[in-house]
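**Q** First, the structure itself, so that you have it in front of you.
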Amino acid sequence: MTKLFNTIGLIGKPHHQGTNQTLRRLHHWLSVQGFKVIVEERVSAELGADICSMDLLEMGEHCDLAIVVGGDGNMLGAARVLARFDVAVIGVNRGNLGFLTDLPPDNFEDALSKVLDGEFETEHRFLLEAEVHRHGKITASNTAVNEAVLHPGKIAHMIQFEVYIDEQLMYSQRADGMIVSTPTGSTAYSLSAGGSILTPNLQALILVPMFPHTLSCRPIVVDACSNIKLVVSPNNDENLEVSCDGHVHLAVLPGDEIFIRRSNERLRLIHPKGHNYFHVLRNKLGWGSKLF
């Protein structure tokens, strides 16, 4: 029978004992079953010699499936690269909450066997593109799976900016920053800042001001096709940043413009059969069990 996946990539958090244990088990288990296994180079040295290793870009070109071992942070880092190659991605949870990582680290074999046999559900999550413009030229750009956040370099410091949706002014704002989040990111930083949860199938973005200096300002949900522009006031007295998923930081100066839009790239996330988003929410957020 023809395999759906022939070359499988393993990605994990470097220098993490639990992750290394799971990666070793996965490498041995997959190799025994005849799969070609490629290990991301940052963790391959910790697994021993005679292991095929590549960086994430090379893995995107060669792998049919990537298994990410760790938490959502590891998944986000891999996803920003692998999305451009349309590689299927599944996660083994070695983190804390793990909204994006389905498989248990200690007994992944049964669930993963079914996935490799074709028993899985596919879900596409769109990404964001964030660009910093200065005097009409792009000075920095990157992608985000969860959110792009405009914020000052120091904590709890008010900044001034304007927010435009499709070139129409929405409001001028004094706040500690602005979160522009995808549905995937709506259960992350956006949720902590008081934003609503968006189910993953929605084609929408949520804008959440961080500690706004007015009680009338609230999160707002807009169409995912919207072009969002943040204009930083030239009167800000310090340099700012745009953070993509909290990992990649783009430098912003007073007077810069930040453009945020839906990317053409999508993360192809796969789940074991029977995956239920609301079960994930109940489990991860500690929502009450059924009363009857």
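Quick note on naming: the chains in the structure tokens go A, B, ... in the order shown, residues restart at 1 in each chain, and ligands are numbered from 1 in order of appearance.
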Residues at most 8 Å from Ala251 (chain A), counting only C-alpha atoms, excluding those fewer than 2 positions away in the same chain, as number ranges by chain?

**A** A: 132, 140, 239-242, 249, 253

**Q** I'd like the neighbourhood of region 68-83 of chain A as JSON, numbers by chain, where a residue qualifies if any of its atoms comes within 8 Å (using only C-alpha atoms), though same-chain residues fewer than 3 positions away should be ignored.

**A** {"A": [10, 11, 12, 13, 19, 22, 23, 56, 57, 60, 86, 87, 89, 90, 91, 92, 93, 94, 95, 96, 97, 98, 99, 100, 101, 127, 143, 144, 145, 146, 245, 247, 265, 266, 267, 268]}

**Q** Which one is closest to Val248 (chain A): A:Asn283, A:Ser186, A:Thr214, A:Asn142? Count only C-alpha atoms.

**A**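 So, comparing all the options, the nearest one is A:Asn142.
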
**Q** Excluding Cys217 (chain A) and its own-chain neighbours fewer than 6 positions away, which residues fall within 10 Å of it when counting only C-alpha atoms? Please give them as a ChimeraX atom specification.

**A** /A:171,173,175,208-211

**Q** Can I get the selected residues back with N, CA, C and O atoms, as a PDB file, in the first residue's frame?

**A**
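New file part_4.pdb:
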ATOM      1  N   TYR A 171      -9.593  54.643  14.834  1.00  0.00           N
ATOM      2  CA  TYR A 171      -9.446  55.549  15.978  1.00  0.00           C
ATOM      3  C   TYR A 171      -7.974  55.895  16.195  1.00  0.00           C
ATOM      4  O   TYR A 171      -7.071  55.237  15.678  1.00  0.00           O
ATOM      5  N   GLN A 173      -5.275  56.266  19.331  1.00  0.00           N
ATOM      6  CA  GLN A 173      -5.235  55.503  20.572  1.00  0.00           C
ATOM      7  C   GLN A 173      -4.015  55.864  21.418  1.00  0.00           C
ATOM      8  O   GLN A 173      -2.926  56.095  20.891  1.00  0.00           O
ATOM      9  N   ALA A 175      -2.297  53.813  24.402  1.00  0.00           N
ATOM     10  CA  ALA A 175      -2.358  52.508  25.065  1.00  0.00           C
ATOM     11  C   ALA A 175      -0.935  51.984  25.204  1.00  0.00           C
ATOM     12  O   ALA A 175       0.024  52.595  24.731  1.00  0.00           O
ATOM     13  N   VAL A 208      -6.925  43.884  19.649  1.00  0.00           N
ATOM     14  CA  VAL A 208      -7.087  44.042  21.096  1.00  0.00           C
ATOM     15  C   VAL A 208      -6.098  45.102  21.589  1.00  0.00           C
ATOM     16  O   VAL A 208      -4.889  44.879  21.568  1.00  0.00           O
ATOM     17  N   PRO A 209      -6.606  46.263  22.035  1.00  0.00           N
ATOM     18  CA  PRO A 209      -5.698  47.259  22.604  1.00  0.00           C
ATOM     19  C   PRO A 209      -5.190  46.790  23.967  1.00  0.00           C
ATOM     20  O   PRO A 209      -5.924  46.162  24.734  1.00  0.00           O
ATOM     21  N   MET A 210      -3.946  47.098  24.278  1.00  0.00           N
ATOM     22  CA  MET A 210      -3.346  46.691  25.537  1.00  0.00           C
ATOM     23  C   MET A 210      -3.417  47.858  26.529  1.00  0.00           C
ATOM     24  O   MET A 210      -2.797  48.898  26.326  1.00  0.00           O
ATOM     25  N   PHE A 211      -4.211  47.676  27.567  1.00  0.00           N
ATOM     26  CA  PHE A 211      -4.370  48.689  28.613  1.00  0.00           C
ATOM     27  C   PHE A 211      -4.648  50.073  28.030  1.00  0.00           C
ATOM     28  O   PHE A 211      -3.890  51.020  28.242  1.00  0.00           O
TER      29      PHE A 211
END

**Q** Which residue, A:His62, A:His279, A:His15, A:Arg262, has the smallest gap to Arg125 (chain A) when you use only C-alpha atoms?

**A**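 Checking each of A:His62, A:His279, A:His15, A:Arg262 against Arg125 (chain A), counting only C-alpha atoms, the winner is A:Arg262.
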
**Q** Tell me which protein, DNA and RNA residues are within 8 Å of region 223-235 of chain A, counting only C-alpha atoms, leaving out same-chain ones fewer than 4 positions away, and put them as JSON, numbers by chain.

**A** {"A": [160, 161, 162, 163, 164, 165, 166, 167, 203, 204, 205, 253, 254, 255, 256, 257, 258, 259, 260, 261, 262]}

**Q** Can you list every residue in region 3-114 of chain A that DSSP puts in strand (DSSP E), as a PyMOL selection string?

**A** chain A and resi 7-12+36-40+53-54+65-70+88-93

**Q** Ranking A:His151, A:Arg24, A:Lys273, A:His157 by minimum distance to Ser243 (chain A) and counting only C-alpha atoms, which one comes first?

**A** A:His151

**Q** Would you compute the distance between CA of Met158 (chain A) and CA of Ser190 (chain A)? Give it in Å to one decimal.

**A**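 Value for the CA of Met158 (chain A)-CA of Ser190 (chain A) distance: 18.2 Å.
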
**Q** What's the 6 Å shell around region 33-44 of chain A, counting only C-alpha atoms, without same-chain residues fewer than 4 positions away, as a list in words?

**A** Asn6, Thr7, Ile8, Gly9, Leu10, Ile11, Pro14, Cys52, Ser53, Met54 and Asp55 of chain A

**Q** Pick the closest to Lys3 (chain A) from A:Leu285, A:Gly185, A:Val115, A:Gly274: which is it, counting only C-alpha atoms?

**A**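 With only C-alpha atoms as the atom set, the closest residue is A:Val115.
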
**Q** Could you check which of A:Phe108, A:Phe120, A:Phe85, A:Phe292 is closest to Leu4 (chain A), using only C-alpha atoms?

**A**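 Ranked by minimum distance to Leu4 (chain A), first place goes to A:Phe120.
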